[in-house]
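One structure is given below, encoded as structure tokens.
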Amino acid sequence: MKIGVLALQGGFVEHISHLQSLQVDTFEIRKKTDLDREMDGLVIPGGESTTIGKLLKELDLYDDLKAKINQGMPVFGTCAGMILLAKQIEGKSNASFGAIDIVVKRNAYGRQLGSFFTEAEFKGIGKIPMTFIRAPYIETAEKNVDILSVVDNHIVAAREKNVLVTSFHPELTSDNRVHQYFIERIILKR
Ligand code: GLN
């Protein structure tokens, strides 16, 4: 199995080490020719969604990745990655990949004091540690979306078919069970 990790900006290194701890081969996606490689799944890390979105277009990666996601390639987006995968971003008309039927609120916990740590239930896994950094949350999810975790009445993890998103950063804790979930429940069950 080979998973491509979008490596334009943000926290991609931590995703790579979590995937490697699960014996998965990874490669970084930085330019168009990287997409010629065989890819069983894609990870879009946290960072700054506007910057990553801009680079996706400038480097001409956007159309090819969107096509792959639409064709059912498994994709896991954390934080900024979740924003880039959402159908709608509150207060903005141009979402990015529009791959999961949710409305996301950016910087939903505030810009400066919006970073915190908690532990909460993740459907199908159990209680897991969660690190939030200027995180978005999901305001609404359509009924075809499976809600996987709720913290303080806000949806912080969800899945629709091949698309998994979390508001928090599972790659920043030592717990790799969300990555394992992505591999076992989404990639291997295709
Ligand atoms: N606030 C960032 C954004 O809007 C996301 C933060 C993160 O990925 N840690 O893109």
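Going by the structure tokens order, chains are called A, B, ..., each with residues numbered from 1, while ligands are numbered from 1 in the order shown.
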
Compile a residue-level contact table for chain A against ligand 1 at a cut-off of 8 Å, reporting for every qualifying residue the shortest atom pair and its distance in Å to one decimal, with only C-alpha atoms and all ligand atoms counted, rows ordered by chain and ascending number, as JSON lines.
{"residue": "A:Gly10", "atom": "CA", "partner": "ligand 1", "partner_atom_place_in_ligand_line": "8 (O)", "distance": 7.3}
{"residue": "A:Pro45", "atom": "CA", "partner": "ligand 1", "partner_atom_place_in_ligand_line": "8 (O)", "distance": 7.0}
{"residue": "A:Gly46", "atom": "CA", "partner": "ligand 1", "partner_atom_place_in_ligand_line": "8 (O)", "distance": 3.3}
{"residue": "A:Gly47", "atom": "CA", "partner": "ligand 1", "partner_atom_place_in_ligand_line": "8 (O)", "distance": 3.9}
{"residue": "A:Glu48", "atom": "CA", "partner": "ligand 1", "partner_atom_place_in_ligand_line": "10 (O)", "distance": 3.6}
{"residue": "A:Ser49", "atom": "CA", "partner": "ligand 1", "partner_atom_place_in_ligand_line": "10 (O)", "distance": 3.5}
{"residue": "A:Thr50", "atom": "CA", "partner": "ligand 1", "partner_atom_place_in_ligand_line": "10 (O)", "distance": 6.0}
{"residue": "A:Thr51", "atom": "CA", "partner": "ligand 1", "partner_atom_place_in_ligand_line": "10 (O)", "distance": 7.8}
{"residue": "A:Thr78", "atom": "CA", "partner": "ligand 1", "partner_atom_place_in_ligand_line": "8 (O)", "distance": 6.8}
{"residue": "A:Cys79", "atom": "CA", "partner": "ligand 1", "partner_atom_place_in_ligand_line": "8 (O)", "distance": 4.1}
{"residue": "A:Ala80", "atom": "CA", "partner": "ligand 1", "partner_atom_place_in_ligand_line": "8 (O)", "distance": 3.8}
{"residue": "A:Gly81", "atom": "CA", "partner": "ligand 1", "partner_atom_place_in_ligand_line": "8 (O)", "distance": 6.8}
{"residue": "A:Ile83", "atom": "CA", "partner": "ligand 1", "partner_atom_place_in_ligand_line": "10 (O)", "distance": 6.9}
{"residue": "A:Arg106", "atom": "CA", "partner": "ligand 1", "partner_atom_place_in_ligand_line": "4 (O)", "distance": 5.1}
{"residue": "A:Asn107", "atom": "CA", "partner": "ligand 1", "partner_atom_place_in_ligand_line": "1 (N)", "distance": 4.9}
{"residue": "A:Arg111", "atom": "CA", "partner": "ligand 1", "partner_atom_place_in_ligand_line": "1 (N)", "distance": 7.3}
{"residue": "A:Phe132", "atom": "CA", "partner": "ligand 1", "partner_atom_place_in_ligand_line": "9 (N)", "distance": 7.1}
{"residue": "A:Ile133", "atom": "CA", "partner": "ligand 1", "partner_atom_place_in_ligand_line": "9 (N)", "distance": 4.6}
{"residue": "A:Arg134", "atom": "CA", "partner": "ligand 1", "partner_atom_place_in_ligand_line": "1 (N)", "distance": 4.6}
{"residue": "A:Ala135", "atom": "CA", "partner": "ligand 1", "partner_atom_place_in_ligand_line": "6 (C)", "distance": 5.0}
{"residue": "A:Pro136", "atom": "CA", "partner": "ligand 1", "partner_atom_place_in_ligand_line": "1 (N)", "distance": 6.5}
{"residue": "A:Phe168", "atom": "CA", "partner": "ligand 1", "partner_atom_place_in_ligand_line": "9 (N)", "distance": 7.7}
{"residue": "A:His169", "atom": "CA", "partner": "ligand 1", "partner_atom_place_in_ligand_line": "9 (N)", "distance": 7.5}

>> For the strand (DSSP E or B) assignment from backbone DSSP, which residues of stretch 9-186 of chain A qualify? Please present them as a PyMOL selection string.
In response: chain A and resi 25-29+41-44+75-78+86-89+92+100-105+116-122+126-132+137-141+146-151+154-160+163-166

For the residues selected in the previous step, produce a file with C-alpha atoms as a CSV table (one decimal), in the first residue's frame.
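selection-v4.csv, freshly written:
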chain,number,residue,atom,x,y,z
A,25,ASP,CA,4.8,3.2,2.4
A,26,THR,CA,4.4,7.0,1.9
A,27,PHE,CA,5.6,9.6,-0.6
A,28,GLU,CA,5.4,13.4,-0.6
A,29,ILE,CA,3.3,15.2,-3.2
A,41,GLY,CA,-4.8,7.0,-0.6
A,42,LEU,CA,-4.1,10.7,0.1
A,43,VAL,CA,-3.5,12.7,3.3
A,44,ILE,CA,-4.1,16.4,3.3
A,75,VAL,CA,-8.6,10.8,1.4
A,76,PHE,CA,-8.0,11.9,5.0
A,77,GLY,CA,-7.9,15.6,5.8
A,78,THR,CA,-6.9,17.0,9.1
A,86,ALA,CA,-15.6,20.4,2.7
A,87,LYS,CA,-18.5,21.2,0.3
A,88,GLN,CA,-19.0,24.5,2.0
A,89,ILE,CA,-17.0,26.9,4.2
A,92,LYS,CA,-17.1,31.7,1.6
A,100,ILE,CA,-17.7,15.8,1.8
A,101,ASP,CA,-21.2,17.2,2.4
A,102,ILE,CA,-20.5,19.4,5.4
A,103,VAL,CA,-20.4,23.1,6.3
A,104,VAL,CA,-17.2,24.0,8.1
A,105,LYS,CA,-16.5,27.0,10.2
A,116,PHE,CA,-6.5,23.0,23.2
A,117,PHE,CA,-6.2,19.3,24.1
A,118,THR,CA,-8.9,16.9,25.1
A,119,GLU,CA,-9.9,13.3,25.0
A,120,ALA,CA,-13.1,12.1,23.5
A,121,GLU,CA,-14.9,9.2,21.9
A,122,PHE,CA,-14.3,8.4,18.2
A,126,GLY,CA,-13.0,4.5,21.5
A,127,LYS,CA,-11.6,7.4,23.5
A,128,ILE,CA,-8.7,9.1,21.8
A,129,PRO,CA,-6.5,12.1,22.5
A,130,MET,CA,-7.2,15.2,20.4
A,131,THR,CA,-5.1,18.2,19.8
A,132,PHE,CA,-6.8,21.3,18.3
A,137,TYR,CA,-15.4,22.5,13.3
A,138,ILE,CA,-18.3,21.1,11.3
A,139,GLU,CA,-21.4,23.2,11.7
A,140,THR,CA,-23.8,21.0,9.8
A,141,ALA,CA,-23.5,17.6,8.1
A,146,ASP,CA,-21.3,9.6,9.2
A,147,ILE,CA,-20.6,11.7,12.3
A,148,LEU,CA,-17.6,10.1,14.1
A,149,SER,CA,-16.9,12.4,17.0
A,150,VAL,CA,-18.5,15.3,18.8
A,151,VAL,CA,-16.8,17.6,21.3
A,154,HIS,CA,-19.5,20.4,17.8
A,155,ILE,CA,-18.8,17.8,15.2
A,156,VAL,CA,-15.1,17.3,15.0
A,157,ALA,CA,-14.7,14.1,12.8
A,158,ALA,CA,-16.8,12.8,10.0
A,159,ARG,CA,-16.8,10.5,7.0
A,160,GLU,CA,-18.6,10.3,3.7
A,163,VAL,CA,-13.5,10.9,2.6
A,164,LEU,CA,-12.4,11.1,6.3
A,165,VAL,CA,-12.0,14.5,8.0
A,166,THR,CA,-11.0,15.6,11.5

> Which value, in Å to one decimal, gives the distance between atom CA of A:Val178 and atom CA of A:Leu59?
Replying inline: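 Interatomic distance here is 29.3 Å.
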
>> Restricting the calculation to only C-alpha atoms: of A:Ala108, A:Ala99, A:Ile186, A:Ile3, which residue gets closest to A:Leu35?
In response: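 So, comparing all the options, the nearest one is A:Ile3.
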
> A:Leu56: which residues within 12 Å, counting only C-alpha atoms, same-chain residues fewer than 6 positions away excluded, as a PyMOL selection string?
Replying inline: chain A and resi 6-9+29-32+44+49-50+62-66+84+96-97

> Could you pull out the helix (DSSP H, G or I) residues of stretch 19-169 of chain A from DSSP and send them as a PyMOL selection string?
Replying inline: chain A and resi 19-21+32-36+49-58+62-70+80-85

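If you measure from each of A:Asn153, A:Asn176, A:Gln71, A:Ser167 to A:Gln20 using only C-alpha atoms, the closest one turns out to be A:Asn176.
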
>> I'd like the contact shell of A:Met1 - 10 Å cut-off, only C-alpha atoms, skipping same-chain residues fewer than 6 positions apart - returned as number ranges by chain.
In response: A: 23-26, 38-41, 183, 187-188

Store the residues picked out above in a file with all heavy atoms, as an mmCIF file, in the first residue's frame.
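Written output follows (selection_5.cif):
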data_model
loop_
_atom_site.group_PDB
_atom_site.id
_atom_site.type_symbol
_atom_site.label_atom_id
_atom_site.label_comp_id
_atom_site.auth_asym_id
_atom_site.auth_seq_id
_atom_site.Cartn_x
_atom_site.Cartn_y
_atom_site.Cartn_z
ATOM 1 N N GLN A 23 3.486 0.657 9.128
ATOM 2 C CA GLN A 23 4.098 -0.128 8.038
ATOM 3 C C GLN A 23 3.522 0.223 6.667
ATOM 4 O O GLN A 23 3.387 -0.641 5.798
ATOM 5 C CB GLN A 23 3.946 -1.639 8.278
ATOM 6 C CG GLN A 23 5.034 -2.251 9.144
ATOM 7 C CD GLN A 23 4.857 -1.881 10.609
ATOM 8 O OE1 GLN A 23 3.784 -2.070 11.161
ATOM 9 N NE2 GLN A 23 5.900 -1.358 11.209
ATOM 10 N N VAL A 24 3.157 1.462 6.493
ATOM 11 C CA VAL A 24 2.619 1.888 5.198
ATOM 12 C C VAL A 24 3.685 2.689 4.462
ATOM 13 O O VAL A 24 4.376 3.511 5.073
ATOM 14 C CB VAL A 24 1.360 2.769 5.409
ATOM 15 C CG1 VAL A 24 0.907 3.412 4.116
ATOM 16 C CG2 VAL A 24 0.239 1.933 5.992
ATOM 17 N N ASP A 25 3.831 2.451 3.172
ATOM 18 C CA ASP A 25 4.752 3.249 2.356
ATOM 19 C C ASP A 25 4.109 4.595 2.062
ATOM 20 O O ASP A 25 2.920 4.663 1.760
ATOM 21 C CB ASP A 25 5.015 2.556 1.016
ATOM 22 C CG ASP A 25 5.992 1.411 1.172
ATOM 23 O OD1 ASP A 25 6.704 1.380 2.190
ATOM 24 O OD2 ASP A 25 6.009 0.553 0.276
ATOM 25 N N THR A 26 4.915 5.632 2.130
ATOM 26 C CA THR A 26 4.378 6.965 1.850
ATOM 27 C C THR A 26 5.274 7.668 0.831
ATOM 28 O O THR A 26 6.432 7.285 0.652
ATOM 29 C CB THR A 26 4.366 7.842 3.115
ATOM 30 O OG1 THR A 26 5.707 7.976 3.574
ATOM 31 C CG2 THR A 26 3.491 7.255 4.202
ATOM 32 N N GLU A 38 1.579 5.424 -8.358
ATOM 33 C CA GLU A 38 0.399 4.694 -7.913
ATOM 34 C C GLU A 38 0.067 5.127 -6.480
ATOM 35 O O GLU A 38 0.972 5.242 -5.652
ATOM 36 C CB GLU A 38 0.711 3.212 -7.945
ATOM 37 C CG GLU A 38 -0.524 2.381 -8.178
ATOM 38 C CD GLU A 38 -0.140 0.936 -8.395
ATOM 39 O OE1 GLU A 38 0.604 0.669 -9.363
ATOM 40 O OE2 GLU A 38 -0.568 0.117 -7.575
ATOM 41 N N MET A 39 -1.198 5.371 -6.224
ATOM 42 C CA MET A 39 -1.564 5.915 -4.912
ATOM 43 C C MET A 39 -2.842 5.249 -4.416
ATOM 44 O O MET A 39 -3.859 5.284 -5.091
ATOM 45 C CB MET A 39 -1.778 7.422 -5.094
ATOM 46 C CG MET A 39 -1.919 8.172 -3.836
ATOM 47 S SD MET A 39 -2.237 9.956 -3.939
ATOM 48 C CE MET A 39 -1.907 10.462 -5.560
ATOM 49 N N ASP A 40 -2.773 4.630 -3.231
ATOM 50 C CA ASP A 40 -3.971 3.985 -2.671
ATOM 51 C C ASP A 40 -4.768 4.939 -1.808
ATOM 52 O O ASP A 40 -5.920 4.656 -1.467
ATOM 53 C CB ASP A 40 -3.565 2.779 -1.820
ATOM 54 C CG ASP A 40 -2.817 1.756 -2.648
ATOM 55 O OD1 ASP A 40 -3.423 1.213 -3.573
ATOM 56 O OD2 ASP A 40 -1.625 1.521 -2.385
ATOM 57 N N GLY A 41 -4.142 6.030 -1.410
ATOM 58 C CA GLY A 41 -4.831 6.989 -0.562
ATOM 59 C C GLY A 41 -4.035 8.272 -0.500
ATOM 60 O O GLY A 41 -2.864 8.319 -0.904
ATOM 61 N N ILE A 183 -6.717 3.494 7.158
ATOM 62 C CA ILE A 183 -6.147 2.399 6.368
ATOM 63 C C ILE A 183 -7.081 1.192 6.338
ATOM 64 O O ILE A 183 -7.412 0.670 5.270
ATOM 65 C CB ILE A 183 -4.771 2.002 6.952
ATOM 66 C CG1 ILE A 183 -3.777 3.135 6.724
ATOM 67 C CG2 ILE A 183 -4.262 0.707 6.328
ATOM 68 C CD1 ILE A 183 -2.569 3.069 7.629
ATOM 69 N N ILE A 187 -9.331 2.427 3.182
ATOM 70 C CA ILE A 187 -8.522 1.982 2.042
ATOM 71 C C ILE A 187 -8.713 0.476 1.802
ATOM 72 O O ILE A 187 -9.033 0.051 0.687
ATOM 73 C CB ILE A 187 -7.025 2.292 2.255
ATOM 74 C CG1 ILE A 187 -6.840 3.815 2.377
ATOM 75 C CG2 ILE A 187 -6.192 1.745 1.089
ATOM 76 C CD1 ILE A 187 -5.414 4.265 2.546
ATOM 77 N N LEU A 188 -8.559 -0.333 2.838
ATOM 78 C CA LEU A 188 -8.611 -1.781 2.624
ATOM 79 C C LEU A 188 -10.021 -2.297 2.345
ATOM 80 O O LEU A 188 -10.188 -3.352 1.758
ATOM 81 C CB LEU A 188 -8.008 -2.521 3.829
ATOM 82 C CG LEU A 188 -6.513 -2.291 4.033
ATOM 83 C CD1 LEU A 188 -6.031 -2.950 5.315
ATOM 84 C CD2 LEU A 188 -5.717 -2.820 2.832
#
